[in-house]
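This is start08.cif. It holds mmCIF, C-alpha atoms.
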```cif
data_protein
#
loop_
_atom_site.label_atom_id
_atom_site.label_comp_id
_atom_site.auth_asym_id
_atom_site.auth_seq_id
_atom_site.Cartn_x
_atom_site.Cartn_y
_atom_site.Cartn_z
CA MET F 1 11.33 16.31 7.92
CA LYS F 2 10.97 16.24 11.68
CA HIS F 3 9.03 13.29 13.10
CA SER F 4 7.11 13.49 16.35
CA PRO F 5 8.46 11.13 19.05
CA THR F 6 6.98 7.66 19.41
CA SER F 7 4.25 7.58 22.05
CA THR F 8 5.47 5.65 25.07
CA ILE F 9 4.23 4.68 28.51
CA SER F 10 5.80 2.54 31.20
CA LEU F 11 4.33 -0.86 31.92
CA ASN F 12 3.71 0.13 35.54
CA ASN F 13 1.76 3.21 34.44
CA SER F 14 -0.34 1.27 31.94
CA LEU F 15 -1.22 -1.21 34.69
CA LEU F 16 -2.01 1.67 37.07
CA LEU F 17 -4.38 3.21 34.51
CA GLY F 18 -6.30 -0.04 34.16
CA GLU F 19 -6.49 -0.49 37.93
CA LYS F 20 -7.73 3.05 38.63
CA LEU F 21 -10.29 3.05 35.81
CA GLN F 22 -11.76 -0.23 37.05
CA THR F 23 -11.73 1.02 40.65
CA ILE F 24 -13.82 4.08 39.72
CA ILE F 25 -16.31 1.95 37.77
CA SER F 26 -16.68 -0.42 40.74
CA LYS F 27 -17.17 2.47 43.18
CA CYS F 28 -19.82 4.04 40.95
CA GLU F 29 -21.69 0.74 40.71
CA GLY F 30 -21.82 0.68 44.51
CA ARG F 31 -23.55 4.09 44.45
CA GLU F 32 -21.72 5.06 47.70
CA VAL F 33 -18.96 7.16 46.20
CA ALA F 34 -16.88 9.23 48.62
CA VAL F 35 -15.49 12.48 47.21
CA GLY F 36 -12.52 13.17 49.49
CA GLU F 37 -8.94 13.21 48.19
CA ASN F 38 -7.85 10.28 50.35
CA ASP F 39 -7.24 6.60 49.62
CA THR F 40 -10.97 5.85 49.41
CA GLY F 41 -12.10 9.02 47.62
CA ILE F 42 -13.00 9.22 43.95
CA LEU F 43 -10.87 12.35 43.47
CA GLU F 44 -7.72 10.42 44.44
CA ASP F 45 -8.42 7.86 41.69
CA LEU F 46 -9.21 10.50 39.06
CA SER F 47 -6.13 12.53 40.00
CA ALA F 48 -3.91 9.43 39.69
CA ILE F 49 -5.21 8.83 36.16
CA ASP F 50 -4.71 12.49 35.27
CA THR F 51 -1.12 12.42 36.58
CA VAL F 52 -0.23 9.32 34.51
CA LEU F 53 -1.76 10.74 31.32
CA ASP F 54 -0.09 14.11 31.88
CA SER F 55 3.36 12.58 32.50
CA SER F 56 3.21 10.37 29.38
CA ASN F 57 3.31 11.60 25.78
CA LEU F 58 0.16 9.72 24.80
CA ASP F 59 -1.78 12.92 24.04
CA SER F 60 -4.82 10.91 25.10
CA GLU F 61 -8.32 11.97 24.14
CA ALA F 62 -9.40 10.74 27.56
CA GLU F 63 -7.30 13.33 29.40
CA PRO F 64 -9.73 16.31 28.99
CA LEU F 65 -12.64 14.05 30.02
CA ILE F 66 -10.83 13.11 33.22
CA ARG F 67 -9.98 16.74 34.02
CA THR F 68 -13.55 17.87 33.36
CA SER F 69 -14.78 15.15 35.73
CA ILE F 70 -12.40 16.36 38.46
CA GLU F 71 -13.51 19.97 38.01
CA ASN F 72 -17.23 19.11 38.03
CA ILE F 73 -16.94 17.07 41.24
CA LYS F 74 -14.94 19.81 43.00
CA GLU F 75 -17.54 22.42 41.98
CA SER F 76 -20.54 20.34 43.05
CA TYR F 77 -19.34 18.61 46.21
CA ASP F 78 -17.30 19.14 49.37
CA GLU F 79 -14.61 16.64 50.33
CA GLU F 80 -16.73 15.00 53.01
CA ASP F 81 -19.71 14.51 50.67
CA ARG F 82 -20.81 11.47 48.73
CA ILE F 83 -21.75 11.67 45.06
CA SER F 84 -25.41 11.25 44.18
CA GLY F 85 -26.63 8.14 42.39
CA THR F 86 -27.35 10.08 39.19
CA ASP F 87 -23.89 11.68 39.13
CA ALA F 88 -22.28 8.33 39.94
CA GLU F 89 -24.03 6.74 36.97
CA SER F 90 -22.97 9.62 34.73
CA LEU F 91 -19.35 9.37 35.94
CA LYS F 92 -19.37 5.61 35.36
CA SER F 93 -20.46 6.10 31.72
CA LYS F 94 -17.75 8.71 31.19
CA ILE F 95 -15.04 6.49 32.73
CA ILE F 96 -16.09 3.52 30.59
CA SER F 97 -15.68 5.77 27.53
CA CYS F 98 -12.25 6.84 28.81
CA ARG F 99 -11.27 3.20 29.27
CA HIS F 100 -12.20 2.35 25.68
CA LEU F 101 -10.23 5.37 24.41
CA ILE F 102 -7.15 4.51 26.47
CA GLU F 103 -7.29 0.82 25.51
CA ALA F 104 -7.33 1.78 21.82
CA GLU F 105 -4.47 4.26 22.32
CA LEU F 106 -2.33 1.77 24.26
CA ARG F 107 -2.56 -0.72 21.41
CA GLN F 108 -0.76 1.84 19.23
CA VAL F 109 2.06 2.84 21.59
CA GLN F 110 5.33 1.36 22.73
CA THR F 111 5.12 0.03 26.28
CA LEU F 112 8.39 0.55 28.12
CA PRO F 113 9.34 -1.99 30.78
CA VAL F 114 10.06 -0.65 34.24
CA ASP F 115 13.03 -2.93 34.70
CA ASP F 116 15.24 -3.23 31.61
CA SER F 117 18.70 -3.95 32.95
CA GLY F 118 19.84 -5.96 29.94
CA ILE F 119 20.42 -9.05 32.10
CA LEU F 120 17.03 -10.50 31.23
CA ASP F 121 15.00 -9.65 28.13
CA THR F 122 11.89 -8.01 29.59
CA THR F 123 9.79 -8.61 26.47
CA LYS F 124 10.59 -12.33 26.57
CA LEU F 125 9.82 -12.44 30.30
CA LEU F 126 6.36 -11.09 29.59
CA GLU F 127 5.57 -12.93 26.36
CA SER F 128 7.60 -16.14 26.43
CA PRO F 129 8.91 -17.08 29.89
CA GLU F 130 9.19 -20.68 28.66
CA GLU F 131 12.20 -19.60 26.58
CA LEU F 132 14.18 -19.37 29.82
CA PHE F 133 14.24 -23.20 29.72
CA SER F 134 15.19 -25.86 27.22
CA SER F 135 12.08 -27.24 25.55
CA SER F 136 12.45 -30.65 27.20
CA VAL F 137 12.53 -29.15 30.71
CA TRP F 138 9.59 -26.81 30.08
CA GLY F 139 7.55 -29.75 28.81
CA TRP F 140 8.51 -31.74 31.92
CA LEU F 141 7.36 -29.06 34.38
CA ASP F 142 4.01 -29.55 36.06
CA GLU F 143 1.33 -26.86 35.73
CA LEU F 144 1.97 -25.31 39.16
CA PRO F 145 5.71 -24.55 38.77
CA SER F 146 5.31 -23.44 35.14
CA ASN F 147 2.60 -20.99 36.24
CA ASP F 148 4.83 -19.80 39.08
CA ILE F 149 7.67 -19.12 36.62
CA LYS F 150 5.30 -17.21 34.34
CA GLU F 151 4.05 -15.07 37.23
CA ALA F 152 7.58 -14.57 38.59
CA SER F 153 8.68 -13.35 35.16
CA ARG F 154 5.78 -10.91 34.95
CA SER F 155 6.43 -9.68 38.48
CA LEU F 156 10.09 -9.06 37.69
CA ALA F 157 9.21 -7.25 34.47
CA VAL F 158 7.08 -4.73 36.36
CA GLY F 159 9.54 -4.32 39.23
CA ASN F 160 7.75 -6.40 41.90
CA SER F 161 10.86 -7.98 43.41
CA THR F 162 9.27 -9.67 46.45
CA SER F 163 6.64 -11.47 44.38
CA ALA F 164 9.28 -12.51 41.81
CA VAL F 165 11.50 -14.05 44.51
CA ILE F 166 8.68 -15.91 46.29
CA LEU F 167 7.23 -17.35 43.07
CA SER F 168 10.67 -18.38 41.73
CA LEU F 169 11.42 -20.21 44.97
CA ARG F 170 8.01 -21.87 45.07
CA ALA F 171 8.59 -23.29 41.58
CA VAL F 172 11.91 -24.78 42.73
CA GLU F 173 10.32 -26.19 45.88
CA HIS F 174 7.69 -28.02 43.82
CA CYS F 175 10.43 -29.58 41.65
CA LEU F 176 12.44 -30.45 44.75
CA ILE F 177 9.46 -32.33 46.22
CA LYS F 178 8.99 -34.14 42.90
CA TRP F 179 12.70 -35.06 42.88
CA HIS F 180 12.53 -36.36 46.43
CA GLU F 181 9.51 -38.53 45.66
CA ILE F 182 11.15 -40.01 42.56
CA GLU F 183 14.51 -40.54 44.29
CA THR F 184 13.15 -42.14 47.47
CA GLY F 185 9.73 -43.42 46.44
CA GLU F 186 8.27 -41.57 49.42
CA GLU F 187 5.65 -38.83 49.31
CA ILE F 188 6.32 -36.01 51.72
CA ASP F 189 4.82 -32.68 52.67
CA ALA F 190 7.65 -30.90 54.45
CA PRO F 191 9.37 -27.51 54.60
CA TRP F 192 12.25 -26.79 52.26
CA GLY F 193 14.93 -27.33 54.92
CA MET F 194 13.60 -30.75 55.90
CA LEU F 195 13.46 -31.84 52.25
CA LEU F 196 17.05 -30.73 51.76
CA ASN F 197 18.15 -32.74 54.80
CA PHE F 198 16.43 -35.85 53.43
CA LEU F 199 18.11 -35.43 50.04
CA VAL F 200 21.52 -34.77 51.60
CA ASP F 201 21.22 -37.93 53.70
CA TYR F 202 20.16 -39.88 50.63
CA HIS F 203 23.16 -38.79 48.54
CA LEU F 204 25.86 -38.40 51.20
CA SER F 205 28.36 -41.21 51.62
CA ASP F 206 28.91 -42.58 55.14
CA GLU F 207 32.49 -41.29 55.41
CA LYS F 208 31.45 -37.69 54.67
CA ARG F 209 28.53 -37.49 57.13
CA GLU F 210 30.66 -36.04 59.94
CA GLY F 211 32.70 -33.74 57.69
CA SER F 212 32.53 -29.97 57.24
CA LEU F 213 29.88 -28.33 55.06
CA GLN F 214 32.47 -27.95 52.28
CA GLU F 215 33.33 -31.66 52.47
CA LYS F 216 29.65 -32.58 52.41
CA LEU F 217 28.96 -30.39 49.38
CA SER F 218 31.88 -31.99 47.50
CA ASP F 219 30.14 -35.36 47.85
CA LEU F 220 26.72 -34.17 46.67
CA PRO F 221 25.18 -33.51 43.25
CA PRO F 222 25.97 -29.88 42.24
CA VAL F 223 22.27 -29.02 42.26
CA LEU F 224 22.17 -29.29 46.06
CA SER F 225 24.63 -26.43 46.54
CA ASN F 226 22.24 -24.17 44.59
CA LEU F 227 19.40 -25.37 46.76
CA PHE F 228 21.26 -24.35 49.92
CA TYR F 229 21.63 -20.83 48.49
CA LEU F 230 17.94 -20.72 47.54
CA LYS F 231 16.99 -21.99 51.00
CA GLU F 232 18.76 -18.98 52.54
CA ARG F 233 17.04 -16.67 50.03
CA ARG F 234 13.66 -18.16 51.02
CA ASN F 235 14.38 -17.65 54.71
CA SER F 236 15.30 -14.01 54.13
CA VAL F 237 12.17 -13.24 52.10
CA ASN F 238 9.89 -15.02 54.60
CA HIS F 239 11.25 -12.86 57.44
CA PRO F 240 12.16 -9.65 55.62
CA LYS F 241 13.60 -6.56 57.21
CA GLU F 242 13.24 -4.98 53.79
CA ALA F 243 12.05 -5.94 50.31
CA PRO F 244 14.66 -7.70 48.13
CA ARG F 245 16.33 -5.51 45.55
CA LEU F 246 15.56 -6.07 41.85
CA GLN F 247 19.10 -7.37 41.33
CA VAL F 248 18.47 -10.07 43.96
CA ALA F 249 15.13 -10.94 42.33
CA ARG F 250 16.83 -11.30 38.93
CA GLN F 251 19.56 -13.50 40.41
CA THR F 252 16.97 -15.64 42.18
CA LEU F 253 14.96 -16.23 39.00
CA ILE F 254 18.11 -17.09 37.02
CA ILE F 255 19.34 -19.51 39.72
CA ALA F 256 15.85 -21.00 40.07
CA VAL F 257 15.74 -21.74 36.33
CA SER F 258 19.25 -23.23 36.45
CA THR F 259 18.34 -25.33 39.49
CA ILE F 260 15.19 -26.72 37.87
CA GLU F 261 17.28 -27.62 34.81
CA ASP F 262 19.78 -29.35 37.13
CA ILE F 263 17.01 -31.28 38.90
CA TYR F 264 15.73 -32.46 35.52
CA ASP F 265 19.26 -33.49 34.46
CA GLU F 266 19.75 -35.44 37.71
CA LEU F 267 16.54 -37.36 37.09
CA GLU F 268 17.46 -37.97 33.44
CA ALA F 269 20.88 -39.30 34.49
CA ASP F 270 19.21 -41.60 37.01
CA ASP F 271 16.87 -42.92 34.30
CA ILE F 272 19.80 -43.78 32.03
CA GLU F 273 21.64 -45.53 34.87
CA LYS F 274 18.53 -47.53 35.81
CA ALA F 275 18.08 -48.54 32.15
CA PHE F 276 21.60 -50.02 32.12
CA GLN F 277 21.03 -51.79 35.44
CA GLN F 278 17.75 -53.31 34.26
CA ASN F 279 19.11 -54.33 30.84
CA PRO F 280 22.86 -55.04 30.92
CA LEU F 281 22.67 -56.38 27.36
CA ILE F 282 22.07 -52.92 25.89
CA ASN F 283 24.39 -52.35 22.95
CA GLN F 284 27.19 -50.36 24.58
CA GLN F 285 28.34 -48.93 21.24
CA GLU F 286 25.15 -46.85 21.05
CA PHE F 287 26.28 -44.93 24.14
CA THR F 288 29.99 -44.79 23.48
CA ILE F 289 30.63 -41.43 21.86
CA SER F 290 34.15 -40.32 21.06
CA ASP F 291 35.38 -36.75 21.32
CA GLU F 292 35.99 -36.91 17.58
CA ASP F 293 32.30 -37.68 16.96
CA GLU F 294 31.28 -34.73 19.13
CA GLU F 295 33.67 -32.43 17.27
CA THR F 296 32.25 -33.63 13.95
CA VAL F 297 28.65 -33.01 14.97
CA TYR F 298 29.53 -29.64 16.49
CA ASP F 299 31.24 -28.63 13.22
CA TYR F 300 28.06 -29.52 11.30
CA ILE F 301 25.94 -27.42 13.68
CA GLN F 302 28.29 -24.47 13.31
CA ALA F 303 28.43 -24.73 9.54
CA LEU F 304 24.67 -25.05 9.06
CA ASP F 305 23.62 -22.37 11.55
CA ASP F 306 22.18 -19.37 9.70
CA GLY F 307 21.71 -17.37 12.88
CA THR F 308 18.45 -19.03 13.93
CA GLY F 309 19.80 -22.51 14.65
CA VAL F 310 19.73 -25.87 12.88
CA SER F 311 16.84 -28.33 12.70
CA LYS F 312 17.52 -31.70 14.33
CA ASN F 313 15.81 -33.43 11.41
CA GLU F 314 18.23 -31.82 8.97
CA LEU F 315 21.15 -32.94 11.13
CA TYR F 316 19.83 -36.51 11.40
CA ASP F 317 19.75 -36.84 7.58
CA LEU F 318 23.17 -35.28 7.01
CA LEU F 319 24.91 -37.17 9.81
CA TYR F 320 23.54 -40.50 8.60
CA ASP F 321 24.25 -39.87 4.91
CA GLU F 322 27.74 -38.41 5.33
CA GLU F 323 29.04 -39.80 8.64
CA GLU F 324 26.96 -42.97 9.17
CA ILE F 325 25.83 -41.65 12.57
CA TYR F 326 22.42 -43.08 13.46
CA GLN F 327 19.67 -40.99 15.06
CA ASP F 328 20.01 -42.54 18.55
CA GLU F 329 23.73 -41.89 18.48
CA ALA F 330 23.17 -38.35 17.22
CA ASP F 331 20.73 -37.69 20.08
CA GLU F 332 23.32 -38.84 22.59
CA ILE F 333 25.92 -36.50 21.04
CA PHE F 334 23.42 -33.62 21.09
CA TYR F 335 22.83 -34.31 24.78
CA ASN F 336 26.57 -34.34 25.55
CA LEU F 337 27.09 -31.06 23.68
CA LEU F 338 24.12 -29.49 25.50
CA MET F 339 25.41 -30.61 28.89
CA SER F 340 28.95 -29.41 28.16
CA GLY F 341 27.70 -25.96 27.19
CA HIS F 342 28.74 -26.09 23.52
CA ILE F 343 25.20 -25.77 22.13
CA TYR F 344 21.72 -24.83 23.34
CA GLU F 345 18.10 -25.20 22.18
CA PRO F 346 16.65 -21.82 21.17
CA SER F 347 13.37 -23.61 20.38
CA GLU F 348 12.04 -27.14 20.20
CA ASN F 349 13.99 -29.46 17.86
CA THR F 350 16.47 -26.68 17.02
CA LEU F 351 20.14 -26.55 18.04
CA LYS F 352 22.44 -23.55 18.04
CA PRO F 353 26.16 -23.30 18.80
CA ILE F 354 27.30 -21.14 21.71
#
```

Translate the structure of the given file into structure tokens.
Amino acid sequence: MKHSPTSTISLNNSLLLGEKLQTIISKCEGREVAVGENDTGILEDLSAIDTVLDSSNLDSEAEPLIRTSIENIKESYDEEDRISGTDAESLKSKIISCRHLIEAELRQVQTLPVDDSGILDTTKLLESPEELFSSSVWGWLDELPSNDIKEASRSLAVGNSTSAVILSLRAVEHCLIKWHEIETGEEIDAPWGMLLNFLVDYHLSDEKREGSLQEKLSDLPPVLSNLFYLKERRNSVNHPKEAPRLQVARQTLIIAVSTIEDIYDELEADDIEKAFQQNPLINQQEFTISDEDEETVYDYIQALDDGTGVSKNELYDLLYDEEEIYQDEADEIFYNLLMSGHIYEPSENTLKPI
């Protein structure tokens, strides 16, 4: 038995349909509706909708309504005319009906992403951009950078490379300012380059200050080398000769995510160091983890993973009962394995071997 193909439409085209339908409704409400087939004319909007519906395999019930509307306007008006108030109201009612039909049809079809290179999962970018990060980092992010990452992900999914780059970089810049304020205790409102210079001066040892760029980078936290790359990317997008390619936008989002994770790790490492400095009587055994302990815990994670990861709570119970590893010690081992790239967190409180 031969099955008809699944109805599909690209994400860009579905967004275009929504935009054009709303544009026509807004023009009709203004009652000053130009006919002409130019950027401001109603025929241009109707023709764009007709083209999208015709090029898809939706077999939309709205398509004949749109074509009838085009034919009626062409028969009744010249290009330089404006549509009467009565006809505008009638067209508005018809377009609202078309919108309801198309909305119902789109809920039943498969929406194809414009950009599906395989490097980033487009569905996850649209639905769950937070999964780009470990749960602890996503929870740490302020509202502004988390919203920027969400919007950058959506922009990348629909092929808007310039917007994706700018939003990715803005999220990093916010985290960089936060890092600077925590590191130095000083609030600052400064461009990216000035912030980088402050951070470099803060971390650079005296003997390396007059060295080459390579020597300076070797004395700095690894995160700062990423920030230098992102600074150049920001400069290029602020003064563009051309729009960044999608590949560059993907790379920028990936590096931005990695850099934000690195900033978080730098701050976490500083917190641990400050805790030791403030309380030198902390039980050192709690933080002394042998390679053998890490191997043991990693073996448990591998053995228990059913493909979706292992619950931390399950690991706490097993490690205490069978290995006499306490929860605090287990958390430190988890952290070491995460930082060394042996495991990752597919979701909150879940660990999975790499």

Let me know the residues the PyMOL selection byres ((chain F and resi 99) around 12) catches in the file above, as a VMD selection string. chain F and resid 14 17 to 25 49 60 to 63 65 to 66 92 to 98 100 to 106

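Residues matched by the PyMOL selection byres ((chain F and resi 82) around 7) in this structure: Glu32, Val33, Ala34, Val35, Glu80, Asp81, Ile83 and Ser84 of chain F.
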
Specify as a ChimeraX atom specification each residue included when the PyMOL selection byres ((chain F and resi 159-171) around 7) is applied to this file. /F:114-115,145,148-149,152-153,155-158,172-175,234,243-246,249,252-253,256

Once you have the residues from the selection above, write them out as a tab-separated table (two decimals), keeping the file's coordinate frame, restricted to C-alpha atoms.
```
chain	number	residue	atom	x	y	z
F	114	VAL	CA	10.06	-0.65	34.24
F	115	ASP	CA	13.03	-2.93	34.70
F	145	PRO	CA	5.71	-24.55	38.77
F	148	ASP	CA	4.83	-19.80	39.08
F	149	ILE	CA	7.67	-19.12	36.62
F	152	ALA	CA	7.58	-14.57	38.59
F	153	SER	CA	8.68	-13.35	35.16
F	155	SER	CA	6.43	-9.68	38.48
F	156	LEU	CA	10.09	-9.06	37.69
F	157	ALA	CA	9.21	-7.25	34.47
F	158	VAL	CA	7.08	-4.73	36.36
F	172	VAL	CA	11.91	-24.78	42.73
F	173	GLU	CA	10.32	-26.19	45.88
F	174	HIS	CA	7.69	-28.02	43.82
F	175	CYS	CA	10.43	-29.58	41.65
F	234	ARG	CA	13.66	-18.16	51.02
F	243	ALA	CA	12.05	-5.94	50.31
F	244	PRO	CA	14.66	-7.70	48.13
F	245	ARG	CA	16.33	-5.51	45.55
F	246	LEU	CA	15.56	-6.07	41.85
F	249	ALA	CA	15.13	-10.94	42.33
F	252	THR	CA	16.97	-15.64	42.18
F	253	LEU	CA	14.96	-16.23	39.00
F	256	ALA	CA	15.85	-21.00	40.07
```

For CA of Asn197 in chain F and CA of Ser258 in chain F, quote the distance in Å rounded to one decimal.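 Between these atoms lies a distance of 20.7 Å.
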
Computed interatomic separation between CA of Asn336 in chain F and CA of Pro129 in chain F (Å):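 Separating CA of Asn336 in chain F from CA of Pro129 in chain F is a distance of 25.1 Å.
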
Got a sec: who's within 8 Å of Ser347 in chain F, counting only C-alpha atoms, leaving out chain neighbours fewer than 3 positions off, as an NGL selection string? :F and (131 or 134-135 or 350-351)

Write the residues you've just listed into a file as a tab-separated table (two decimals), in the frame of the given file, and include C-alpha atoms for each of them.
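Everything below was put into part-v1.tsv:
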```tsv
chain	number	residue	atom	x	y	z
F	131	GLU	CA	12.20	-19.60	26.58
F	134	SER	CA	15.19	-25.86	27.22
F	135	SER	CA	12.08	-27.24	25.55
F	350	THR	CA	16.47	-26.68	17.02
F	351	LEU	CA	20.14	-26.55	18.04
```

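As for CA of Lys312 in chain F and CA of Ile263 in chain F, they are spaced 24.6 Å apart.
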
Proximity to Thr296 in chain F - best of F:Leu315, F:Ile70, F:Met339, F:Leu53, all atoms listed in the file: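 Of all the options, F:Leu315 lies closest to Thr296 in chain F.
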
Best match for closeness to Lys178 in chain F among F:Glu314, F:Asp50, F:Glu151, F:Asp142, counting only C-alpha atoms: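 Checking each candidate against Lys178 in chain F, we get F:Asp142 as the closest.
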
Determine, counting only C-alpha atoms, which protein, DNA and RNA residues have an atom within 9 Å of an atom of Ser47 in chain F; residues of the same chain fewer than 3 positions away are not included. Present the result as a list in words. Glu37, Ile42, Leu43, Glu44, Asp50, Thr51, Val52, Ile66, Arg67 and Ile70 of chain F

Please put the answer as lines of an AutoDock Vina configuration file: centre and edge lengths, in Å with one decimal, of a box along x, y and z that encloses all listed atoms of range 79-90 of chain F plus 6 Å on each side.
```
center_x = -21.0
center_y = 11.7
center_z = 43.9
size_x = 24.7
size_y = 21.9
size_z = 30.3
```

Which is closer to Lys27 in chain F than all the others in F:Ser136, F:Ala88, F:Glu71, F:Glu292, using only C-alpha atoms?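 Smallest separation from Lys27 in chain F among the options: F:Ala88.
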
Go through F:Tyr316, F:Tyr202, F:Trp179, F:Tyr77 and flag the residue nearest Asn349 in chain F, using all atoms listed in the file for the distances. F:Tyr316
